[in-house]
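**Student:** So that you have it, the file is protein_15.cif, and it contains mmCIF, C-alpha atoms:
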```cif
data_protein
#
loop_
_atom_site.group_PDB
_atom_site.id
_atom_site.type_symbol
_atom_site.label_atom_id
_atom_site.label_comp_id
_atom_site.auth_asym_id
_atom_site.auth_seq_id
_atom_site.Cartn_x
_atom_site.Cartn_y
_atom_site.Cartn_z
ATOM 1 C CA MET A 1 -22.901 19.670 296.270
ATOM 2 C CA SER A 2 -23.330 17.845 299.534
ATOM 3 C CA ASP A 3 -21.998 14.396 298.670
ATOM 4 C CA SER A 4 -18.459 13.653 299.695
ATOM 5 C CA PRO A 5 -16.470 11.123 297.644
ATOM 6 C CA ALA A 6 -16.997 8.558 300.413
ATOM 7 C CA GLN A 7 -20.766 9.072 300.327
ATOM 8 C CA ALA A 8 -20.776 8.809 296.536
ATOM 9 C CA VAL A 9 -18.954 5.483 296.791
ATOM 10 C CA ASP A 10 -21.306 4.189 299.503
ATOM 11 C CA ASP A 11 -24.383 5.172 297.487
ATOM 12 C CA ASP A 12 -23.337 3.131 294.460
ATOM 13 C CA ASP A 13 -22.559 -0.405 295.631
ATOM 14 C CA ASP A 14 -22.658 -1.938 292.122
ATOM 15 C CA ALA A 15 -19.914 0.402 290.905
ATOM 16 C CA ASN A 16 -17.668 -0.719 293.766
ATOM 17 C CA GLN A 17 -17.333 -4.106 292.084
ATOM 18 C CA LEU A 18 -15.539 -2.539 289.113
ATOM 19 C CA PRO A 19 -11.792 -1.969 289.238
ATOM 20 C CA GLY A 20 -11.038 1.680 289.889
ATOM 21 C CA ALA A 21 -14.600 2.584 290.911
ATOM 22 C CA THR A 22 -13.336 4.622 293.849
ATOM 23 C CA ALA A 23 -10.920 6.496 291.596
ATOM 24 C CA THR A 24 -13.717 7.245 289.132
ATOM 25 C CA ASP A 25 -15.944 8.612 291.894
ATOM 26 C CA VAL A 26 -13.124 10.750 293.273
ATOM 27 C CA LEU A 27 -12.339 12.108 289.797
ATOM 28 C CA GLU A 28 -15.974 13.061 289.165
ATOM 29 C CA TYR A 29 -16.252 14.690 292.584
ATOM 30 C CA LEU A 30 -13.107 16.797 292.121
ATOM 31 C CA VAL A 31 -13.943 17.943 288.599
ATOM 32 C CA LYS A 32 -17.551 18.797 289.450
ATOM 33 C CA ALA A 33 -16.317 20.890 292.388
ATOM 34 C CA LEU A 34 -14.227 23.010 289.999
ATOM 35 C CA VAL A 35 -16.598 23.664 287.097
ATOM 36 C CA ASP A 36 -19.622 25.929 286.657
ATOM 37 C CA ASP A 37 -21.696 23.392 284.699
ATOM 38 C CA GLU A 38 -21.655 20.131 286.689
ATOM 39 C CA ASP A 39 -24.122 18.496 284.301
ATOM 40 C CA ALA A 40 -21.649 18.799 281.410
ATOM 41 C CA VAL A 41 -18.978 16.728 283.186
ATOM 42 C CA GLU A 42 -18.417 13.332 281.567
ATOM 43 C CA VAL A 43 -15.890 10.718 282.639
ATOM 44 C CA ASP A 44 -15.284 7.841 280.227
ATOM 45 C CA VAL A 45 -13.314 4.873 281.557
ATOM 46 C CA ASP A 46 -11.576 2.391 279.265
ATOM 47 C CA GLU A 47 -9.425 -0.515 280.355
ATOM 48 C CA ASP A 48 -6.211 -1.324 278.511
ATOM 49 C CA ARG A 49 -3.212 -3.523 279.260
ATOM 50 C CA ARG A 50 -1.582 -0.851 281.440
ATOM 51 C CA GLY A 51 -4.640 -0.125 283.573
ATOM 52 C CA LEU A 52 -7.506 2.328 283.337
ATOM 53 C CA ARG A 53 -7.625 5.342 281.037
ATOM 54 C CA MET A 54 -10.065 7.994 282.219
ATOM 55 C CA GLN A 55 -11.079 10.726 279.808
ATOM 56 C CA VAL A 56 -12.679 13.833 281.276
ATOM 57 C CA ARG A 57 -14.887 16.172 279.249
ATOM 58 C CA VAL A 58 -16.280 19.411 280.663
ATOM 59 C CA GLY A 59 -18.528 22.182 279.373
ATOM 60 C CA ALA A 60 -17.373 25.097 277.271
ATOM 61 C CA GLY A 61 -15.290 27.519 279.291
ATOM 62 C CA ASP A 62 -14.595 25.125 282.154
ATOM 63 C CA MET A 63 -11.488 23.411 280.760
ATOM 64 C CA GLY A 64 -9.228 26.236 281.953
ATOM 65 C CA ARG A 65 -10.460 25.791 285.505
ATOM 66 C CA VAL A 66 -9.777 22.073 285.434
ATOM 67 C CA ILE A 67 -6.323 22.414 283.854
ATOM 68 C CA GLY A 68 -5.142 25.431 285.869
ATOM 69 C CA ARG A 69 -2.032 27.500 285.303
ATOM 70 C CA ARG A 70 0.728 25.421 283.792
ATOM 71 C CA GLY A 71 -1.403 22.327 284.388
ATOM 72 C CA ARG A 72 -1.025 22.413 288.151
ATOM 73 C CA ILE A 73 -4.653 21.612 288.952
ATOM 74 C CA ALA A 74 -4.741 18.836 286.334
ATOM 75 C CA ASN A 75 -1.583 17.300 287.784
ATOM 76 C CA ALA A 76 -2.996 17.529 291.312
ATOM 77 C CA ILE A 77 -6.192 15.798 290.165
ATOM 78 C CA ARG A 78 -4.126 13.038 288.522
ATOM 79 C CA THR A 79 -2.134 12.537 291.734
ATOM 80 C CA VAL A 80 -5.229 12.278 293.945
ATOM 81 C CA VAL A 81 -7.002 9.907 291.531
ATOM 82 C CA ARG A 82 -3.927 7.657 291.318
ATOM 83 C CA ALA A 83 -3.779 7.590 295.117
ATOM 84 C CA ALA A 84 -7.472 6.638 295.253
ATOM 85 C CA ALA A 85 -6.844 3.774 292.805
ATOM 86 C CA ALA A 86 -3.758 2.455 294.617
ATOM 87 C CA PRO A 87 -5.622 0.335 297.228
ATOM 88 C CA ASP A 88 -7.402 -1.435 294.353
ATOM 89 C CA GLY A 89 -4.051 -2.156 292.696
ATOM 90 C CA VAL A 90 -5.103 -0.339 289.534
ATOM 91 C CA ALA A 91 -2.921 1.962 287.441
ATOM 92 C CA VAL A 92 -4.825 5.036 286.260
ATOM 93 C CA ASP A 93 -4.140 7.588 283.534
ATOM 94 C CA VAL A 94 -6.332 10.710 283.445
ATOM 95 C CA ASP A 95 -6.708 12.713 280.221
ATOM 96 C CA PHE A 96 -8.581 15.999 279.893
ATOM 97 C CA VAL A 97 -10.249 16.120 276.471
ATOM 98 C CA ASP A 98 -11.806 19.053 274.617
#
```
Translate this file's structure into structure tokens.
**Tutor:**
Amino acid sequence: MSDSPAQAVDDDDDANQLPGATATDVLEYLVKALVDDEDAVEVDVDEDRRGLRMQVRVGAGDMGRVIGRRGRIANAIRTVVRAAAAPDGVAVDVDFVD
């Protein structure tokens, strides 16, 4: 994995037009760095009245790595993704789905 989140954002100019595109790229980058099966990572983004809801799905056996003990890794991911969305003025909620 050689792409940094900044490179991923620069490579996809069309996605930058969408609200929260940076946050989505950061979320994908972080989750893929944690899991064994990067190809199984899916991030679905839905917009509701409160902002963006991002649902993350990972391969079998990788959910524990993404959640971490007592949810610490999941909470850290949520914090970083919210910080990435802040300059766009977008509220983000990240859910990890089986």
**Student:** For this file, the PyMOL selection byres ((chain A and resi 47) around 12) selects which residues, as a PyMOL selection string?
**Tutor:** chain A and resi 18-20+44-46+48-55+90-93
**Student:** Once you have the residues from the selection above, write them out as a compact mmCIF listing (two decimals), in the coordinates of the input, restricted to C-alpha atoms.
**Tutor:**
```txt
# COMPACT_ATOMS: atom_id res chain seq x y z
CA LEU A 18 -15.54 -2.54 289.11
CA PRO A 19 -11.79 -1.97 289.24
CA GLY A 20 -11.04 1.68 289.89
CA ASP A 44 -15.28 7.84 280.23
CA VAL A 45 -13.31 4.87 281.56
CA ASP A 46 -11.58 2.39 279.26
CA ASP A 48 -6.21 -1.32 278.51
CA ARG A 49 -3.21 -3.52 279.26
CA ARG A 50 -1.58 -0.85 281.44
CA GLY A 51 -4.64 -0.12 283.57
CA LEU A 52 -7.51 2.33 283.34
CA ARG A 53 -7.62 5.34 281.04
CA MET A 54 -10.06 7.99 282.22
CA GLN A 55 -11.08 10.73 279.81
CA VAL A 90 -5.10 -0.34 289.53
CA ALA A 91 -2.92 1.96 287.44
CA VAL A 92 -4.82 5.04 286.26
CA ASP A 93 -4.14 7.59 283.53
```
**Student:** Which distance in Å separates CA of Glu38 in chain A and CA of Asp98 in chain A, to one decimal?
**Tutor:**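 For CA of Glu38 in chain A relative to CA of Asp98 in chain A, the distance reads 15.6 Å.
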**Student:** Give, as lines of an AutoDock Vina configuration file, the centre coordinates and the x, y and z edge lengths in Å to one decimal for an axis-aligned box around all listed atoms of range 73-87 of chain A, padded by 5 Å on each side.
**Tutor:**
```
center_x = -4.5
center_y = 11.0
center_z = 291.8
size_x = 15.9
size_y = 31.3
size_z = 20.9
```
**Student:** Quick one: apply the PyMOL selection byres ((chain A and resi 79) around 12) to the file and drop the selected residues here as a list of chain:residue names.
**Tutor:**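 Taken on the displayed file, the PyMOL selection byres ((chain A and resi 79) around 12) yields the residues A:Ala23, A:Val26, A:Leu27, A:Leu30, A:Arg72, A:Ile73, A:Ala74, A:Asn75, A:Ala76, A:Ile77, A:Arg78, A:Val80, A:Val81, A:Arg82, A:Ala83, A:Ala84, A:Ala85, A:Ala86, A:Ala91, A:Val92, A:Asp93, A:Val94.
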**Student:** For a test of reading the model, state the distance in Å between CA of Phe96 in chain A and CA of Arg69 in chain A, rounded to one decimal.
**Tutor:**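 Taking CA of Phe96 in chain A and CA of Arg69 in chain A, their separation equals 14.3 Å.
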**Student:** If you measure from CA of Asp62 in chain A to CA of Tyr29 in chain A, what distance in Å do you get, rounded to one decimal?
**Tutor:**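 These two atoms are separated by 14.8 Å.
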**Student:** List, as a list in words, every residue that the PyMOL selection byres ((chain A and resi 60) around 12) selects in the file provided.
**Tutor:**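 Applying the expression gives Val35, Asp36, Asp37, Glu38, Asp39, Ala40, Val41, Arg57, Val58, Gly59, Gly61, Asp62, Met63, Gly64, Arg65, Val66, Val97 and Asp98 of chain A.
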**Student:** Would you mind putting N, CA and C atoms back on range 53-84 of chain A and writing the result as a short mmCIF file (atom, residue, chain, number, x, y, z; two decimals), in the coordinates of the input?
**Tutor:**
```cif
data_model
loop_
_atom_site.label_atom_id
_atom_site.label_comp_id
_atom_site.auth_asym_id
_atom_site.auth_seq_id
_atom_site.Cartn_x
_atom_site.Cartn_y
_atom_site.Cartn_z
N ARG A 53 -7.78 4.02 281.65
CA ARG A 53 -7.62 5.34 281.04
C ARG A 53 -8.94 6.08 281.24
N MET A 54 -8.88 7.19 281.95
CA MET A 54 -10.06 7.99 282.22
C MET A 54 -9.98 9.27 281.40
N GLN A 55 -11.02 9.51 280.61
CA GLN A 55 -11.08 10.73 279.81
C GLN A 55 -12.16 11.63 280.38
N VAL A 56 -11.77 12.87 280.67
CA VAL A 56 -12.68 13.83 281.28
C VAL A 56 -13.06 14.88 280.24
N ARG A 57 -14.37 15.11 280.11
CA ARG A 57 -14.89 16.17 279.25
C ARG A 57 -15.71 17.11 280.13
N VAL A 58 -15.53 18.41 279.91
CA VAL A 58 -16.28 19.41 280.66
C VAL A 58 -16.93 20.38 279.69
N GLY A 59 -17.83 21.22 280.20
CA GLY A 59 -18.53 22.18 279.37
C GLY A 59 -17.61 23.27 278.85
N ALA A 60 -18.13 24.00 277.88
CA ALA A 60 -17.37 25.10 277.27
C ALA A 60 -17.00 26.12 278.35
N GLY A 61 -15.76 26.52 278.34
CA GLY A 61 -15.29 27.52 279.29
C GLY A 61 -14.79 26.96 280.61
N ASP A 62 -15.02 25.70 280.88
CA ASP A 62 -14.60 25.12 282.15
C ASP A 62 -13.24 24.42 282.08
N MET A 63 -12.74 24.16 280.89
CA MET A 63 -11.49 23.41 280.76
C MET A 63 -10.33 24.15 281.44
N GLY A 64 -10.29 25.46 281.32
CA GLY A 64 -9.23 26.24 281.95
C GLY A 64 -9.21 26.08 283.46
N ARG A 65 -10.37 25.98 284.05
CA ARG A 65 -10.46 25.79 285.50
C ARG A 65 -9.94 24.43 285.93
N VAL A 66 -10.19 23.43 285.10
CA VAL A 66 -9.78 22.07 285.43
C VAL A 66 -8.28 21.89 285.20
N ILE A 67 -7.75 22.53 284.17
CA ILE A 67 -6.32 22.41 283.85
C ILE A 67 -5.48 23.27 284.80
N GLY A 68 -5.89 24.53 285.00
CA GLY A 68 -5.14 25.43 285.87
C GLY A 68 -3.91 25.99 285.19
N ARG A 69 -3.26 26.91 285.85
CA ARG A 69 -2.03 27.50 285.30
C ARG A 69 -0.94 26.46 285.23
N ARG A 70 -0.36 26.37 284.06
CA ARG A 70 0.73 25.42 283.79
C ARG A 70 0.35 23.99 284.14
N GLY A 71 -0.95 23.69 284.15
CA GLY A 71 -1.40 22.33 284.39
C GLY A 71 -1.33 21.87 285.83
N ARG A 72 -1.19 22.80 286.74
CA ARG A 72 -1.02 22.41 288.15
C ARG A 72 -2.26 21.73 288.72
N ILE A 73 -3.44 22.24 288.42
CA ILE A 73 -4.65 21.61 288.95
C ILE A 73 -4.84 20.24 288.33
N ALA A 74 -4.61 20.13 287.02
CA ALA A 74 -4.74 18.84 286.33
C ALA A 74 -3.78 17.82 286.93
N ASN A 75 -2.56 18.22 287.19
CA ASN A 75 -1.58 17.30 287.78
C ASN A 75 -1.98 16.91 289.21
N ALA A 76 -2.54 17.85 289.96
CA ALA A 76 -3.00 17.53 291.31
C ALA A 76 -4.16 16.53 291.27
N ILE A 77 -5.07 16.73 290.32
CA ILE A 77 -6.19 15.80 290.17
C ILE A 77 -5.66 14.41 289.83
N ARG A 78 -4.71 14.33 288.90
CA ARG A 78 -4.13 13.04 288.52
C ARG A 78 -3.51 12.35 289.74
N THR A 79 -2.79 13.10 290.56
CA THR A 79 -2.13 12.54 291.73
C THR A 79 -3.15 11.98 292.72
N VAL A 80 -4.21 12.73 292.99
CA VAL A 80 -5.23 12.28 293.94
C VAL A 80 -5.97 11.05 293.42
N VAL A 81 -6.28 11.04 292.12
CA VAL A 81 -7.00 9.91 291.53
C VAL A 81 -6.12 8.66 291.55
N ARG A 82 -4.84 8.81 291.25
CA ARG A 82 -3.93 7.66 291.32
C ARG A 82 -3.84 7.13 292.74
N ALA A 83 -3.82 8.02 293.72
CA ALA A 83 -3.78 7.59 295.12
C ALA A 83 -5.07 6.86 295.50
N ALA A 84 -6.20 7.31 294.97
CA ALA A 84 -7.47 6.64 295.25
C ALA A 84 -7.54 5.25 294.62
#
```
